[in-house]
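Have a look at the structure below before the remarks.
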Amino acid sequence: MDDLNQTSPDSFILLGLSDVPYLQVICFLVFLLMYIATLSGNLLLIIVMRINPKLHSPMYFFLSNLSVIDICFSSSIVPVILINTLARDRSISRLGCATQTFISVGLGAAESIMLAVMAYDRFAAICKPLYYITIMNKKLCFCVAVGCWSGCFINSGIQVALTFQLPFCRSHHINHFFCEVPTLLRLSCRDTRLNEIGVYISVVIITVSSFLLTLISYVHIISSILKIHYTQGRYKAFSTCASHLIVVTLFYGTASVIYLRLKSSYSHKSDKIVSILYTTVTPMLNPFIYSVRNKDVIETIMNNLSRKQNL
């Protein structure tokens, strides 16, 4: 009966990262620099892929999708962090919290699927080179991209609907820097086991299956690379996959810590640190990881810079 008398708040208070003034200033500057780096790096990568005909291939098509995901993912979270770090009023409306959760869950799932698709693309290119154009045709790439975006946001809508129908009676203070499903579930005074099961099912269907597809793709890729007899060819094949493996490790390693444990071994500090890694650090590093190891991207940037200098 007590639960029924409790009503959910119209707004929440995001407690943020720190209440210490000098740490707030440091956090603001660090997140601002990371956000600028994320936007500039991903936008530059998208522009380079558009202007260079050599980069009009399935791999770069999915990479441009990944860059769009990173820009939107970071933009849904970092501006709120910047405002709340220095502002006295750290409140966020119920609708604003639901919207942020919807976007972050949808984009997080989309990134997981996109990384798996990129791994499959590398499998097709290295293990089935003669059939690559047939396998990764334009129609398939377009359908996969549309399916990825639409499916992930349908799942996100379901997760948000299930979460925000709960009464948040324990507190309206969110000990985090953004609205996230595991954090919100801890605010409810109702039994959230069904919600947790829903989250686990979503994680298994989307994230775990994407990870398994990535893993299987790379098992085949590595076995094919080891069959290459000459060292230069083996090194070239490994270098094309190394960037993607780094990104996959960063993303899955951090996101799984949050979503594969909802209440057990919970810590506000550790959750915040891990969340920073996959919401702000990974989107910032992705374009640099891919571009630094890519000769075509570097050459396109250098050629355009030299043309501007000559003008």
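Chain lettering (A, B, ...) mirrors the order of the structure tokens, residue numbering begins at 1 for each chain separately, and ligand numbering begins at 1 in order of display.
For range 121-126 of chain A, the set of protein, DNA and RNA residues having any atom at most 9 Å away, when counting only C-alpha atoms and skipping those fewer than 2 positions along the same chain, is Pro58, Met59, Ala116, Val117, Met118, Ala119, Lys128, Pro129, Leu130, Tyr131, Tyr132, Ile133, Ile135, Met136, Ser217, Tyr218, His220, Ile221, Ser224, Ile225, Ala237, Thr240 and Cys241 of chain A.
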- Query: Which of range 70-304 of chain A counts as helix (DSSP H, G or I) under DSSP, as a ChimeraX atom specification please?
  - Reply: /A:70-86,94-127,129-135,138-164,181-185,193-226,231-259,268-292,295-304
- Message: To test your reading of the structure, identify every residue in range 86-306 of chain A that backbone DSSP assigns to strand (DSSP E or B), and report it as a PyMOL selection string.
- Response: chain A and resi 91-93+173-174
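Minimum atom-to-atom distance to Leu66 in chain A, evaluated using only C-alpha atoms, belongs to A:Trp149 out of A:Phe168, A:Phe211, A:Phe177, A:Trp149.
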Taking 6 positions as the minimum chain separation for residues in the same chain, which residues sit within 10 Å of Ala110 in chain A when counting only C-alpha atoms? Answer as a PDB file with N, CA, C and O atoms, in the first residue's frame.
ATOM      1  N   ASN A  65      28.869   5.100 -40.446  1.00  0.00           N
ATOM      2  CA  ASN A  65      27.732   4.885 -39.550  1.00  0.00           C
ATOM      3  C   ASN A  65      28.191   4.897 -38.091  1.00  0.00           C
ATOM      4  O   ASN A  65      27.524   5.469 -37.224  1.00  0.00           O
ATOM      5  N   LEU A  66      29.339   4.263 -37.839  1.00  0.00           N
ATOM      6  CA  LEU A  66      29.896   4.236 -36.479  1.00  0.00           C
ATOM      7  C   LEU A  66      30.248   5.641 -36.008  1.00  0.00           C
ATOM      8  O   LEU A  66      30.018   5.992 -34.846  1.00  0.00           O
ATOM      9  N   ILE A  69      27.081   7.411 -35.039  1.00  0.00           N
ATOM     10  CA  ILE A  69      26.653   6.892 -33.735  1.00  0.00           C
ATOM     11  C   ILE A  69      27.453   7.553 -32.613  1.00  0.00           C
ATOM     12  O   ILE A  69      26.892   7.987 -31.599  1.00  0.00           O
ATOM     13  N   SER A 104      20.648   6.977 -25.522  1.00  0.00           N
ATOM     14  CA  SER A 104      21.885   6.294 -25.134  1.00  0.00           C
ATOM     15  C   SER A 104      21.766   4.777 -25.261  1.00  0.00           C
ATOM     16  O   SER A 104      22.693   4.112 -25.741  1.00  0.00           O
ATOM     17  N   ALA A 116      30.024  -5.555 -34.858  1.00  0.00           N
ATOM     18  CA  ALA A 116      29.916  -6.953 -35.303  1.00  0.00           C
ATOM     19  C   ALA A 116      29.849  -7.035 -36.825  1.00  0.00           C
ATOM     20  O   ALA A 116      30.487  -7.898 -37.449  1.00  0.00           O
ATOM     21  N   ALA A 145      22.230  -1.623 -42.301  1.00  0.00           N
ATOM     22  CA  ALA A 145      22.281  -0.336 -41.594  1.00  0.00           C
ATOM     23  C   ALA A 145      20.891   0.088 -41.118  1.00  0.00           C
ATOM     24  O   ALA A 145      20.712   0.487 -39.958  1.00  0.00           O
ATOM     25  N   GLY A 147      18.252  -1.858 -40.664  1.00  0.00           N
ATOM     26  CA  GLY A 147      17.818  -2.817 -39.649  1.00  0.00           C
ATOM     27  C   GLY A 147      18.457  -2.567 -38.309  1.00  0.00           C
ATOM     28  O   GLY A 147      17.805  -2.669 -37.257  1.00  0.00           O
ATOM     29  N   CYS A 148      19.743  -2.214 -38.335  1.00  0.00           N
ATOM     30  CA  CYS A 148      20.486  -1.919 -37.109  1.00  0.00           C
ATOM     31  C   CYS A 148      19.886  -0.726 -36.378  1.00  0.00           C
ATOM     32  O   CYS A 148      19.560  -0.810 -35.191  1.00  0.00           O
ATOM     33  N   TRP A 149      19.702   0.394 -37.095  1.00  0.00           N
ATOM     34  CA  TRP A 149      19.181   1.622 -36.475  1.00  0.00           C
ATOM     35  C   TRP A 149      17.752   1.429 -35.974  1.00  0.00           C
ATOM     36  O   TRP A 149      17.434   1.785 -34.833  1.00  0.00           O
ATOM     37  N   SER A 150      16.888   0.853 -36.812  1.00  0.00           N
ATOM     38  CA  SER A 150      15.473   0.709 -36.425  1.00  0.00           C
ATOM     39  C   SER A 150      15.303  -0.305 -35.301  1.00  0.00           C
ATOM     40  O   SER A 150      14.585  -0.051 -34.321  1.00  0.00           O
ATOM     41  N   GLY A 151      15.962  -1.456 -35.394  1.00  0.00           N
ATOM     42  CA  GLY A 151      15.843  -2.495 -34.376  1.00  0.00           C
ATOM     43  C   GLY A 151      16.330  -2.041 -33.016  1.00  0.00           C
ATOM     44  O   GLY A 151      15.694  -2.326 -31.990  1.00  0.00           O
ATOM     45  N   CYS A 152      17.434  -1.318 -33.006  1.00  0.00           N
ATOM     46  CA  CYS A 152      18.009  -0.854 -31.740  1.00  0.00           C
ATOM     47  C   CYS A 152      17.115   0.173 -31.050  1.00  0.00           C
ATOM     48  O   CYS A 152      16.989   0.170 -29.822  1.00  0.00           O
ATOM     49  N   PHE A 153      16.486   1.031 -31.829  1.00  0.00           N
ATOM     50  CA  PHE A 153      15.627   2.042 -31.209  1.00  0.00           C
ATOM     51  C   PHE A 153      14.260   1.468 -30.820  1.00  0.00           C
ATOM     52  O   PHE A 153      13.622   1.986 -29.902  1.00  0.00           O
ATOM     53  N   ILE A 206      21.202  -8.673 -28.231  1.00  0.00           N
ATOM     54  CA  ILE A 206      21.921  -7.669 -29.029  1.00  0.00           C
ATOM     55  C   ILE A 206      23.427  -7.708 -28.788  1.00  0.00           C
ATOM     56  O   ILE A 206      24.216  -7.986 -29.697  1.00  0.00           O
ATOM     57  N   THR A 207      23.832  -7.464 -27.542  1.00  0.00           N
ATOM     58  CA  THR A 207      25.263  -7.297 -27.258  1.00  0.00           C
ATOM     59  C   THR A 207      26.026  -8.605 -27.300  1.00  0.00           C
ATOM     60  O   THR A 207      27.068  -8.701 -27.962  1.00  0.00           O
TER      61      THR A 207
END
- Surrounding residues of Gly108 in chain A excluding itself and chain neighbours under 5 positions, 12 Å, only C-alpha atoms, as JSON, numbers by chain: {"A": [66, 69, 70, 71, 72, 73, 74, 76, 100, 101, 102, 103, 113, 114, 115, 148, 149, 152, 153, 155, 156, 180, 202, 203, 206, 207, 251, 252, 254, 255, 256, 259, 275, 278, 279, 280, 282, 283]}
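A straight line drawn from CA of Val160 in chain A to CA of Ala98 in chain A is 6.5 Å long.
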